[in-house]
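For reference, upload_2.cif (mmCIF, C-alpha atoms):
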data_run
loop_
_atom_site.label_atom_id
_atom_site.label_comp_id
_atom_site.auth_asym_id
_atom_site.auth_seq_id
_atom_site.Cartn_x
_atom_site.Cartn_y
_atom_site.Cartn_z
CA MET P 99 17.80 22.74 21.15
CA GLU P 100 14.82 25.02 20.48
CA LEU P 101 11.29 23.61 20.31
CA TYR P 102 8.67 24.90 17.86
CA THR P 103 4.90 24.61 18.01
CA ILE P 104 3.46 24.14 14.51
CA THR P 105 0.30 23.04 12.73
CA SER P 106 1.05 20.34 10.19
CA ASP P 107 -0.07 20.88 6.60
CA ASN P 108 -0.18 18.53 3.59
CA ILE P 109 1.35 15.08 3.55
CA VAL P 110 3.94 14.29 0.86
CA CYS P 111 5.03 11.05 -0.79
CA THR P 112 7.58 10.15 1.87
CA GLY P 113 4.79 10.05 4.46
CA SER P 114 5.97 13.25 6.16
CA CYS P 115 3.77 16.29 6.70
CA THR P 116 4.96 19.77 5.82
CA ALA P 117 4.92 22.92 7.94
CA LYS P 118 6.49 26.37 7.82
CA ILE P 119 8.93 27.87 10.33
CA HIS P 120 10.09 31.41 9.52
CA GLY P 121 9.03 30.83 5.92
CA LYS P 122 11.10 27.66 5.54
CA THR P 123 9.50 24.30 4.76
CA VAL P 124 9.91 21.65 7.44
CA PHE P 125 9.17 17.96 6.86
CA VAL P 126 7.83 16.10 9.89
CA PRO P 127 7.50 12.31 9.80
CA GLY P 128 4.81 10.81 12.01
CA ALA P 129 2.45 13.78 11.76
CA LEU P 130 -1.02 13.88 10.25
CA PRO P 131 -2.50 16.92 8.45
CA GLY P 132 -4.02 19.56 10.76
CA GLU P 133 -2.33 18.45 13.97
CA GLN P 134 -0.82 20.93 16.41
CA ILE P 135 2.53 19.49 17.42
CA GLU P 136 5.71 20.44 19.18
CA ILE P 137 8.80 19.61 17.16
CA ARG P 138 12.57 19.79 17.32
CA ILE P 139 14.67 20.51 14.21
CA ILE P 140 17.03 17.56 13.64
CA LYS P 141 18.40 18.42 10.19
CA GLU P 142 18.89 21.82 8.60
CA LYS P 143 19.34 22.22 4.84
CA LYS P 144 19.54 25.30 2.64
CA ASP P 145 15.99 25.02 1.31
CA TYR P 146 14.25 22.89 3.94
CA ALA P 147 14.55 21.31 7.36
CA GLU P 148 13.51 18.06 8.99
CA GLY P 149 11.76 17.92 12.33
CA SER P 150 11.11 15.33 14.99
CA ILE P 151 7.89 15.25 17.03
CA GLU P 152 8.36 15.93 20.74
CA ARG P 153 4.67 16.18 21.70
CA ILE P 154 1.33 16.00 19.91
CA LEU P 155 -0.74 18.81 21.38
CA THR P 156 -3.89 18.41 19.29
CA PRO P 157 -4.06 15.00 17.61
CA SER P 158 -6.03 14.28 14.44
CA LEU P 159 -9.35 12.49 14.83
CA HIS P 160 -7.87 9.85 12.53
CA ARG P 161 -4.85 9.11 14.72
CA ARG P 162 -4.71 5.76 16.46
CA GLU P 163 -2.27 3.65 18.42
CA PRO P 164 -0.35 1.52 15.87
CA PRO P 165 -1.75 -2.03 16.10
CA CYS P 166 1.56 -3.83 15.46
CA PRO P 167 3.75 -4.43 18.54
CA GLN P 168 6.86 -4.06 16.32
CA TYR P 169 5.87 -0.58 15.13
CA GLY P 170 8.73 1.84 15.64
CA ARG P 171 11.33 -0.95 15.46
CA CYS P 172 10.47 -2.55 12.11
CA GLY P 173 11.30 -0.56 8.97
CA GLY P 174 7.93 -1.09 7.30
CA CYS P 175 4.39 0.22 7.80
CA ASN P 176 5.21 3.89 8.44
CA LEU P 177 1.52 5.00 8.43
CA GLN P 178 0.06 2.63 11.01
CA TYR P 179 -0.74 5.57 13.27
CA ALA P 180 -3.58 6.62 10.88
CA ASP P 181 -6.83 4.70 10.61
CA ASP P 182 -7.23 2.50 7.53
CA ALA P 183 -9.82 4.57 5.64
CA PHE P 184 -7.95 7.82 6.22
CA GLN P 185 -4.74 6.25 4.94
CA VAL P 186 -6.36 5.68 1.55
CA MET P 187 -7.35 9.34 1.41
CA LEU P 188 -3.80 10.38 2.37
CA ARG P 189 -2.27 8.27 -0.39
CA ARG P 190 -4.81 9.64 -2.87
CA ASP P 191 -3.89 13.21 -1.85
CA MET P 192 -0.16 12.43 -2.19
CA LEU P 193 -0.75 11.16 -5.74
CA ALA P 194 -2.83 14.20 -6.70
CA GLY P 195 -0.21 16.52 -5.22
CA ALA P 196 2.62 14.88 -7.17
CA PHE P 197 0.78 15.31 -10.48
CA THR P 198 -0.26 18.87 -9.71
CA ARG P 199 3.31 19.85 -8.80
CA ALA P 200 4.46 18.35 -12.11
CA GLY P 201 2.06 20.59 -14.01
CA VAL P 202 -0.81 18.14 -14.58
CA SER P 203 -3.67 19.45 -12.49
CA VAL P 204 -5.56 16.58 -10.86
CA ALA P 205 -8.32 16.88 -8.25
CA SER P 206 -8.02 14.34 -5.44
CA ASP P 207 -11.68 13.34 -5.69
CA SER P 208 -11.27 12.51 -9.40
CA ILE P 209 -8.76 9.74 -8.63
CA ILE P 210 -10.24 6.25 -8.58
CA CYS P 211 -9.02 4.19 -5.61
CA LYS P 212 -8.63 0.43 -6.01
CA THR P 213 -8.34 -1.12 -2.56
CA GLY P 214 -8.26 -4.52 -0.90
CA ASN P 215 -7.54 -5.89 2.55
CA ALA P 216 -5.68 -3.46 4.80
CA TRP P 217 -4.15 -6.36 6.78
CA GLY P 218 -2.95 -9.86 5.91
CA TYR P 219 -2.27 -8.96 2.29
CA ARG P 220 1.50 -9.15 1.79
CA SER P 221 2.86 -12.36 0.24
CA ARG P 222 6.44 -11.31 -0.54
CA PHE P 223 9.09 -10.50 2.06
CA GLN P 224 12.83 -9.98 2.10
CA LEU P 225 14.34 -11.29 5.31
CA HIS P 226 17.79 -10.47 6.70
CA ASP P 227 19.22 -13.17 8.98
CA GLY P 228 15.64 -14.32 9.54
CA GLY P 229 14.27 -10.89 10.41
CA LEU P 230 13.10 -7.59 8.95
CA MET P 231 15.22 -4.49 8.54
CA PRO P 232 14.87 -2.07 11.47
CA ARG P 233 13.36 1.37 10.97
CA PHE P 234 16.57 3.31 11.50
CA ALA P 235 18.55 1.19 9.06
CA VAL P 236 15.85 1.78 6.43
CA SER P 237 15.51 5.53 6.99
CA GLY P 238 19.21 6.21 7.38
CA ALA P 239 18.65 8.11 10.63
CA SER P 240 20.57 7.27 13.76
CA ALA P 241 18.70 5.03 16.18
CA PRO P 242 18.53 5.97 19.85
CA ASP P 243 20.25 2.67 20.73
CA THR P 244 22.39 2.73 17.53
CA SER P 245 21.16 -0.81 16.84
CA CYS P 246 20.63 -1.97 13.26
CA SER P 247 19.98 -5.62 14.07
CA PRO P 248 17.12 -7.23 12.11
CA VAL P 249 13.75 -7.39 13.84
CA PRO P 250 12.86 -11.10 14.14
CA PRO P 251 9.06 -11.33 13.69
CA ASP P 252 7.07 -14.24 15.11
CA SER P 253 4.09 -12.68 13.35
CA CYS P 254 3.35 -9.71 11.10
CA PRO P 255 -0.16 -8.26 10.79
CA VAL P 256 0.27 -7.25 7.12
CA ALA P 257 1.63 -10.67 6.11
CA SER P 258 -0.50 -13.16 4.22
CA PRO P 259 -1.77 -16.15 6.25
CA GLU P 260 0.82 -18.33 4.47
CA VAL P 261 3.68 -16.02 5.47
CA GLN P 262 2.32 -15.99 9.02
CA ALA P 263 2.32 -19.79 8.97
CA TYR P 264 5.99 -19.79 7.90
CA PHE P 265 6.90 -17.42 10.73
CA LEU P 266 5.07 -19.60 13.26
CA ARG P 267 6.48 -22.94 12.13
CA THR P 268 10.06 -21.66 11.58
CA PRO P 269 11.69 -20.05 14.63
CA VAL P 270 14.11 -17.27 13.74
CA GLN P 271 17.14 -19.39 14.67
CA ARG P 272 16.11 -21.97 12.04
CA ARG P 273 15.61 -19.43 9.26
CA PRO P 274 18.35 -19.09 6.61
CA ARG P 275 21.08 -16.53 7.24
CA GLY P 276 21.82 -13.62 4.95
CA ARG P 277 19.34 -11.98 2.60
CA VAL P 278 16.43 -14.30 1.92
CA CYS P 279 13.47 -13.87 -0.45
CA LEU P 280 10.20 -15.37 0.77
CA PHE P 281 6.98 -15.70 -1.22
CA ALA P 282 4.02 -17.46 0.40
CA ASP P 283 0.45 -17.36 -0.86
CA SER P 284 -2.54 -19.65 -1.30
CA ARG P 285 -2.34 -19.08 -5.07
CA LEU P 286 1.04 -20.85 -5.38
CA GLN P 287 0.63 -23.99 -7.46
CA ASN P 288 4.02 -25.67 -7.09
CA ALA P 289 4.60 -25.65 -3.33
CA ALA P 290 2.79 -28.03 -0.99
CA ASP P 291 3.16 -25.65 1.95
CA LYS P 292 2.39 -22.62 -0.28
CA ALA P 293 5.80 -21.06 0.38
CA VAL P 294 8.99 -20.71 -1.69
CA ILE P 295 12.23 -19.41 -0.19
CA GLY P 296 15.26 -18.18 -2.13
CA ALA P 297 18.15 -18.48 0.31
CA GLU P 298 21.17 -19.81 -1.55
CA ALA P 299 23.30 -18.35 -4.32
CA VAL P 300 23.11 -20.22 -7.62
CA GLN P 301 26.37 -22.09 -8.29
CA GLU P 302 28.44 -20.89 -11.23
CA HIS P 303 28.37 -24.29 -12.90
CA THR P 304 24.56 -24.36 -13.00
CA GLN P 305 23.35 -24.82 -16.57
CA PRO P 306 21.21 -22.16 -18.24
CA ARG P 307 17.60 -23.04 -18.94
CA CYS P 308 17.12 -24.15 -22.54
CA VAL P 309 14.04 -22.13 -23.48
CA HIS P 310 14.38 -22.20 -27.27
CA LYS P 311 12.92 -25.73 -27.45
CA LYS P 312 9.76 -24.68 -25.63
CA ILE P 313 8.68 -21.59 -27.53
CA PRO P 314 7.14 -21.29 -31.01
CA ALA P 315 9.51 -20.86 -33.92
CA LYS P 316 7.75 -17.63 -34.89
CA THR P 317 8.93 -16.00 -31.66
CA ILE P 318 11.95 -13.72 -32.12
CA ARG P 319 14.58 -14.27 -29.43
CA ARG P 320 17.22 -11.70 -28.57
CA PHE P 321 18.28 -12.90 -25.15
CA SER P 322 20.28 -15.60 -23.42
CA GLY P 323 19.09 -18.09 -20.82
CA THR P 324 18.84 -17.90 -17.04
CA PRO P 325 20.46 -20.30 -14.54
CA ASP P 326 18.13 -23.22 -13.94
CA ALA P 327 17.26 -23.23 -10.23
CA PRO P 328 13.96 -25.09 -9.83
CA GLN P 329 14.04 -24.70 -6.05
CA TYR P 330 13.44 -20.96 -6.55
CA ARG P 331 10.67 -21.33 -9.09
CA CYS P 332 7.22 -20.01 -8.22
CA VAL P 333 4.05 -20.67 -10.20
CA ILE P 334 1.13 -18.54 -9.09
CA ARG P 335 -2.41 -18.80 -10.44
CA LEU P 336 -3.90 -15.36 -11.03
CA THR P 337 -7.54 -14.72 -11.90
CA ALA P 338 -8.81 -11.64 -13.70
CA ASN P 339 -12.55 -11.19 -13.25
CA ALA P 340 -13.01 -9.18 -16.42
CA ALA P 341 -16.30 -8.10 -17.97
CA GLN P 342 -16.80 -11.54 -19.45
CA GLU P 343 -16.00 -14.81 -17.67
CA PRO P 344 -12.99 -14.98 -15.34
CA VAL P 345 -9.61 -15.56 -16.97
CA CYS P 346 -7.03 -17.66 -15.10
CA LYS P 347 -3.33 -17.85 -15.89
CA ASP P 348 -0.47 -19.69 -14.23
CA ILE P 349 2.43 -17.23 -14.03
CA ALA P 350 5.98 -18.45 -13.43
CA PHE P 351 8.71 -16.34 -11.81
CA ASP P 352 11.87 -16.65 -9.72
CA VAL P 353 11.34 -15.94 -6.02
CA ARG P 354 14.61 -13.98 -6.00
CA GLY P 355 13.40 -11.60 -8.71
CA PHE P 356 10.78 -8.89 -8.52
CA PHE P 357 7.13 -9.82 -8.22
CA GLN P 358 4.25 -7.85 -6.76
CA SER P 359 3.72 -8.41 -3.03
CA ASN P 360 -0.07 -8.09 -3.04
CA PRO P 361 -1.59 -10.70 -5.41
CA ALA P 362 -5.18 -9.60 -4.77
CA LEU P 363 -4.42 -6.01 -5.90
CA LEU P 364 -2.36 -7.39 -8.79
CA GLU P 365 -5.45 -9.24 -10.00
CA GLN P 366 -7.48 -6.03 -9.76
CA THR P 367 -4.79 -4.17 -11.71
CA ILE P 368 -4.80 -6.81 -14.46
CA CYS P 369 -8.56 -6.30 -14.74
CA GLU P 370 -8.03 -2.55 -15.13
CA ALA P 371 -5.41 -3.10 -17.83
CA LEU P 372 -7.80 -5.43 -19.67
CA ARG P 373 -10.49 -2.78 -19.46
CA PHE P 374 -8.39 -0.19 -21.29
CA ALA P 375 -6.24 -2.31 -23.62
CA ARG P 376 -7.37 -2.66 -27.22
CA GLY P 377 -5.76 -2.50 -30.62
CA ARG P 378 -3.64 -4.56 -32.99
CA HIS P 379 -0.05 -4.30 -31.76
CA LEU P 380 0.79 -4.06 -28.05
CA LEU P 381 4.18 -2.94 -26.75
CA ASP P 382 4.91 -4.10 -23.20
CA MET P 383 7.84 -1.95 -22.11
CA TYR P 384 9.76 -3.11 -19.00
CA CYS P 385 7.66 -6.28 -19.12
CA GLY P 386 9.41 -8.28 -16.36
CA CYS P 387 8.08 -11.85 -16.50
CA ALA P 388 5.14 -10.64 -18.67
CA VAL P 389 2.43 -10.90 -16.04
CA PHE P 390 0.28 -8.33 -17.83
CA SER P 391 0.99 -9.40 -21.39
CA ALA P 392 0.05 -12.98 -20.53
CA PHE P 393 -3.48 -11.65 -20.00
CA LEU P 394 -3.48 -8.83 -22.58
CA ALA P 395 -1.99 -10.68 -25.56
CA GLY P 396 -5.31 -12.31 -26.45
CA SER P 397 -6.74 -8.87 -27.30
CA PHE P 398 -3.99 -8.09 -29.85
CA GLU P 399 -2.66 -9.55 -33.07
CA HIS P 400 0.92 -9.17 -31.88
CA THR P 401 2.72 -8.30 -28.63
CA THR P 402 6.26 -6.94 -28.34
CA LEU P 403 8.10 -7.50 -25.05
CA VAL P 404 11.03 -5.34 -23.95
CA GLU P 405 12.95 -6.19 -20.76
CA HIS P 406 16.63 -5.67 -19.98
CA ASN P 407 16.62 -8.34 -17.25
CA ARG P 408 17.13 -11.44 -19.34
CA ASP P 409 16.48 -13.78 -16.43
CA ALA P 410 12.99 -12.32 -16.12
CA LEU P 411 12.53 -12.53 -19.89
CA VAL P 412 13.08 -16.29 -19.85
CA TYR P 413 10.08 -16.57 -17.55
CA ALA P 414 8.22 -14.15 -19.81
CA GLU P 415 8.72 -16.57 -22.71
CA GLU P 416 7.22 -19.34 -20.63
CA ASN P 417 4.26 -17.20 -19.58
CA MET P 418 3.64 -16.07 -23.18
CA ARG P 419 3.77 -19.54 -24.71
CA GLY P 420 1.24 -19.81 -27.54
CA ALA P 421 0.81 -16.04 -28.00
CA ALA P 422 2.07 -14.22 -31.10
CA HIS P 423 4.91 -12.10 -29.77
CA SER P 424 8.51 -11.00 -30.14
CA SER P 425 10.99 -10.45 -27.31
CA PHE P 426 13.87 -8.01 -26.89
CA GLY P 427 16.32 -8.54 -24.04
CA VAL P 428 17.56 -4.95 -24.07
CA SER P 429 16.94 -1.68 -22.25
CA GLY P 430 14.09 0.54 -23.34
CA ALA P 431 16.58 3.11 -24.64
CA ARG P 432 18.39 0.54 -26.78
CA TRP P 433 15.12 -0.86 -28.13
CA VAL P 434 14.11 2.64 -29.22
CA GLN P 435 17.47 3.29 -30.84
CA GLU P 436 18.05 -0.08 -32.52
CA HIS P 437 14.81 -2.05 -32.83
CA ALA P 438 11.69 0.13 -32.78
CA ALA P 439 11.59 0.86 -36.51
CA SER P 440 12.24 -2.72 -37.64
CA CYS P 441 9.79 -4.05 -35.03
CA GLU P 442 6.97 -1.91 -36.42
CA LYS P 443 7.97 -2.73 -39.98
CA SER P 444 7.66 -6.47 -39.33
CA ALA P 445 4.63 -6.55 -37.03
CA GLY P 446 2.80 -3.32 -37.86
CA SER P 447 2.46 0.02 -36.15
CA ILE P 448 2.27 -0.07 -32.35
CA ASP P 449 -1.04 1.43 -31.28
CA THR P 450 -1.14 0.52 -27.55
CA VAL P 451 1.69 0.70 -25.02
CA PHE P 452 1.65 -0.88 -21.58
CA ILE P 453 4.57 0.49 -19.59
CA ASP P 454 5.71 -0.38 -16.07
CA PRO P 455 9.08 1.33 -15.47
CA PRO P 456 11.34 1.07 -12.41
CA ARG P 457 11.15 3.63 -9.60
CA SER P 458 13.38 6.00 -11.59
CA GLY P 459 10.69 6.25 -14.26
CA MET P 460 10.83 5.95 -18.04
CA GLU P 461 14.15 6.37 -19.77
CA ALA P 462 14.45 9.71 -21.58
CA GLU P 463 14.71 7.94 -24.95
CA VAL P 464 11.49 6.04 -24.28
CA VAL P 465 9.61 9.21 -23.34
CA GLN P 466 10.89 10.95 -26.45
CA TRP P 467 9.86 8.01 -28.65
CA LEU P 468 6.37 7.96 -27.13
CA CYS P 469 6.03 11.71 -27.66
CA HIS P 470 6.77 11.34 -31.39
CA ALA P 471 5.26 7.91 -32.14
CA ARG P 472 2.17 9.04 -34.00
CA GLY P 473 0.78 5.53 -34.34
CA VAL P 474 0.47 5.15 -30.57
CA GLU P 475 -3.11 5.90 -29.63
CA ARG P 476 -3.09 4.79 -26.00
CA ILE P 477 -0.57 4.44 -23.18
CA ILE P 478 -1.40 2.46 -20.05
CA SER P 479 1.22 3.54 -17.53
CA LEU P 480 1.78 1.69 -14.26
CA SER P 481 4.18 3.18 -11.72
CA CYS P 482 5.56 2.56 -8.23
CA ASP P 483 6.71 6.18 -7.75
CA PRO P 484 4.23 9.07 -7.96
CA ALA P 485 6.91 11.73 -8.52
CA THR P 486 8.51 10.08 -11.56
CA HIS P 487 5.10 8.97 -12.81
CA ALA P 488 3.84 12.56 -12.70
CA ARG P 489 7.03 13.83 -14.36
CA ASP P 490 6.75 11.37 -17.26
CA CYS P 491 3.00 11.90 -17.72
CA ALA P 492 3.52 15.67 -17.78
CA LYS P 493 5.92 15.29 -20.71
CA LEU P 494 3.44 13.10 -22.56
CA VAL P 495 0.61 15.56 -21.95
CA GLN P 496 2.79 18.36 -23.32
CA ALA P 497 3.36 16.23 -26.43
CA GLY P 498 -0.37 15.95 -27.13
CA TYR P 499 -1.68 13.08 -25.01
CA ALA P 500 -4.65 13.58 -22.70
CA LEU P 501 -4.67 12.07 -19.22
CA THR P 502 -8.07 10.34 -19.23
CA VAL P 503 -7.74 8.08 -16.16
CA LEU P 504 -5.67 8.21 -12.98
CA GLU P 505 -6.06 5.48 -10.37
CA LEU P 506 -4.53 4.85 -6.98
CA LEU P 507 -3.71 1.15 -6.67
CA ASP P 508 -3.55 0.55 -2.93
CA PHE P 509 -0.95 -2.24 -2.97
CA TYR P 510 0.65 -1.35 0.37
CA PRO P 511 -1.75 -0.38 3.18
CA GLN P 512 -0.10 0.85 6.40
CA THR P 513 2.66 2.51 4.34
CA SER P 514 3.11 5.68 2.29
CA HIS P 515 4.14 3.62 -0.75
CA ILE P 516 1.99 4.40 -3.78
CA GLU P 517 1.30 2.50 -7.00
CA SER P 518 -0.70 4.27 -9.66
CA LEU P 519 -2.20 3.61 -13.08
CA ALA P 520 -2.60 6.33 -15.71
CA VAL P 521 -4.26 6.07 -19.11
CA LEU P 522 -3.17 8.60 -21.72
CA GLU P 523 -4.78 8.90 -25.14
CA ARG P 524 -3.96 10.95 -28.19
CA ALA P 525 -6.04 14.12 -27.94
#
Can you turn what I pasted into structure tokens?
Amino acid sequence: MELYTITSDNIVCTGSCTAKIHGKTVFVPGALPGEQIEIRIIKEKKDYAEGSIERILTPSLHRREPPCPQYGRCGGCNLQYADDAFQVMLRRDMLAGAFTRAGVSVASDSIICKTGNAWGYRSRFQLHDGGLMPRFAVSGASAPDTSCSPVPPDSCPVASPEVQAYFLRTPVQRRPRGRVCLFADSRLQNAADKAVIGAEAVQEHTQPRCVHKKIPAKTIRRFSGTPDAPQYRCVIRLTANAAQEPVCKDIAFDVRGFFQSNPALLEQTICEALRFARGRHLLDMYCGCAVFSAFLAGSFEHTTLVEHNRDALVYAEENMRGAAHSSFGVSGARWVQEHAASCEKSAGSIDTVFIDPPRSGMEAEVVQWLCHARGVERIISLSCDPATHARDCAKLVQAGYALTVLELLDFYPQTSHIESLAVLERA
């Protein structure tokens, strides 16, 4: 198969660099911008191709030998071959490129970067038969040895000290089989060894949690309970060092559900949300277990929670106890169609929206509602996907909002994964 010598160009959100061969775009994983490399085409599509590096002829000054001995086998940490500081710049450039391609011109150097530890930061892992998914199983490519067996780590350099302690004290043969959720962090309040593991399926006869006795009568409930499984319950103490004195909250969640993997960056992000949030009526769309509203609610007269995952919403009720709020266990689209008008009629016009959608971005109905909701003065948008974030923000800008702040939240050093925070205000 023919070899090509190319000079790599910009890096995109997958972590691959682009190049041109005979006018066609080629994506090359493992390259850094400006490197001269020899590649082989491994996949040919109508509009693009994918290449594999055969030799690096002129390496970047920022290239290094990946520090982790499992690099290349494990499916995580796809940017370890770049030095830590340069990685932040790469992720910043990826974010700027995504917004610019969507039609919202953003200069890389205008993006604020919120960073933390580049190593030892990750508190949440998903294990498979005691190990981590291999690179080829994650990427979908075929491995040279065709092996998709989990990689059994005795240590992991991006893992929190508490996760490392679990790996050391629990040999892989003693770890639970199947898919296992692990959360281990010094901030955990309800685990003596600072680790909670979700390994077993909840039995069908398990009784739902009875949350209606614990929450104020003024709270509107439109959701059912969640199976009561105290062995999977996590309570983490988060601290937001805001402009005034630090604010601490104990946040409850189920280890098997979604929760951010980098608590230190989560605390920074809460501080940023507090910095921008102000008004009378806050809408927290896709609220999860209400991590952010638990901190933000004190700045508003009323908070409305919307979350289709009713298991998460039960924990949200616990985390919001004592705050004036209403809860809707429905999708964002259904809330817009069936509840938005009556919600504003009962609690007043929504002037601030905090929105944290899934990777697919905001539902079309939610975007349309935001575009036409004249009472909304400010949107604080948190996203785990720069492409869908840029797409949604572009629609809001076209509808009359101004993008006033864009931040890179560096939740996942050593990877190309990007979290970002945008603030949009009515122009």
- Task: Write out as JSON, numbers by chain which residues come within 6 Å of range 158-170 of chain P when counting only C-alpha atoms, dropping same-chain ones fewer than 6 positions away.
- Result: {"P": [133, 178, 179, 180, 181]}
- Return the single residue from P:Thr156, P:Thr213, P:Ser518, P:Gln512 that is closest to Arg457 in chain P, with distances computed using all atoms listed in the file.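 Of the candidates, the smallest distance to Arg457 in chain P is held by P:Ser518.
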Convert the output of the PyMOL selection byres ((chain P and resi 331) around 12) on the shown file into explicit residues, formatted as a compact mmCIF listing (two decimals) with C-alpha atoms, in the coordinates of the input.
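What ended up in selection11.txt:
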# COMPACT_ATOMS: atom_id res chain seq x y z
CA CYS P 279 13.47 -13.87 -0.45
CA LEU P 280 10.20 -15.37 0.77
CA PHE P 281 6.98 -15.70 -1.22
CA LEU P 286 1.04 -20.85 -5.38
CA GLN P 287 0.63 -23.99 -7.46
CA ASN P 288 4.02 -25.67 -7.09
CA ALA P 289 4.60 -25.65 -3.33
CA ALA P 293 5.80 -21.06 0.38
CA VAL P 294 8.99 -20.71 -1.69
CA ILE P 295 12.23 -19.41 -0.19
CA GLY P 296 15.26 -18.18 -2.13
CA THR P 324 18.84 -17.90 -17.04
CA PRO P 325 20.46 -20.30 -14.54
CA ASP P 326 18.13 -23.22 -13.94
CA ALA P 327 17.26 -23.23 -10.23
CA PRO P 328 13.96 -25.09 -9.83
CA GLN P 329 14.04 -24.70 -6.05
CA TYR P 330 13.44 -20.96 -6.55
CA CYS P 332 7.22 -20.01 -8.22
CA VAL P 333 4.05 -20.67 -10.20
CA ILE P 334 1.13 -18.54 -9.09
CA ILE P 349 2.43 -17.23 -14.03
CA ALA P 350 5.98 -18.45 -13.43
CA PHE P 351 8.71 -16.34 -11.81
CA ASP P 352 11.87 -16.65 -9.72
CA VAL P 353 11.34 -15.94 -6.02
CA ARG P 354 14.61 -13.98 -6.00
CA GLY P 355 13.40 -11.60 -8.71
CA ALA P 410 12.99 -12.32 -16.12
CA TYR P 413 10.08 -16.57 -17.55
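When CA of Cys115 in chain P is paired with CA of Gly174 in chain P, their separation reads 17.9 Å.
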- Between CA of Pro255 in chain P and CA of Pro511 in chain P, distance in Å (one decimal):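 Separation between CA of Pro255 in chain P and CA of Pro511 in chain P: 11.1 Å.
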- Message: the PyMOL selection byres ((chain P and resi 428) around 8) - which residues does that actually catch in the file I just gave you? List them as a list in words.
- Response: Val404, Glu405, His406, Asn407, Phe426, Gly427, Ser429, Gly430, Arg432 and Trp433 of chain P
- Query: Quick one, how far is CA of Arg472 in chain P from CA of Ala525 in chain P?
  - Reply: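 Computed distance, CA of Arg472 in chain P to CA of Ala525 in chain P, equals 11.4 Å.
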Expected selection from the PyMOL selection byres ((chain P and resi 188-196) around 8), given as a compact mmCIF listing (two decimals) with C-alpha atoms, in the coordinates of the input:
# COMPACT_ATOMS: atom_id res chain seq x y z
CA ILE P 109 1.35 15.08 3.55
CA VAL P 110 3.94 14.29 0.86
CA CYS P 111 5.03 11.05 -0.79
CA PHE P 184 -7.95 7.82 6.22
CA GLN P 185 -4.74 6.25 4.94
CA VAL P 186 -6.36 5.68 1.55
CA MET P 187 -7.35 9.34 1.41
CA PHE P 197 0.78 15.31 -10.48
CA THR P 198 -0.26 18.87 -9.71
CA ARG P 199 3.31 19.85 -8.80
CA ALA P 200 4.46 18.35 -12.11
CA SER P 203 -3.67 19.45 -12.49
CA VAL P 204 -5.56 16.58 -10.86
CA ALA P 205 -8.32 16.88 -8.25
CA SER P 206 -8.02 14.34 -5.44
CA ILE P 209 -8.76 9.74 -8.63
CA CYS P 211 -9.02 4.19 -5.61
CA PRO P 484 4.23 9.07 -7.96
CA ALA P 485 6.91 11.73 -8.52
CA ALA P 488 3.84 12.56 -12.70
CA LEU P 506 -4.53 4.85 -6.98
CA SER P 514 3.11 5.68 2.29
CA HIS P 515 4.14 3.62 -0.75
CA ILE P 516 1.99 4.40 -3.78
CA SER P 518 -0.70 4.27 -9.66
- Would you be able to write out as a PyMOL selection string which residues have an atom within 7 Å of (-7.4, -8.8, -12.3) in the file's coordinates, counting all atoms listed in the file? chain P and resi 337-340+364-370
- Task: Take the point (8.4, -18.4, 11.7) as written in the file and pick out every residue within 12 Å of it, counting all atoms listed in the file; give the list as number ranges by chain.
- Result: P: 225, 228-229, 250-254, 257, 259-274, 280, 293
- Looking at P:Gly498, P:His379, P:Asp490, P:Thr123, which one is nearest to Ser444 in chain P, with distances taken over all atoms listed in the file?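 Ranking P:Gly498, P:His379, P:Asp490, P:Thr123 by distance to Ser444 in chain P, first place goes to P:His379.
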- Pick out the residues sitting within 7 Å of Trp467 in chain P, and hand them over as a ChimeraX atom specification; count all atoms listed in the file, and ignore anything fewer than 4 positions along from it in its own chain. /P:434,463,471
- Who sits within 12 Å of Val503 in chain P, all atoms listed in the file, same chain under 5 positions skipped, as a PyMOL selection string: chain P and resi 204-205+208-211+370-371+373-374+476-480+491+518-523
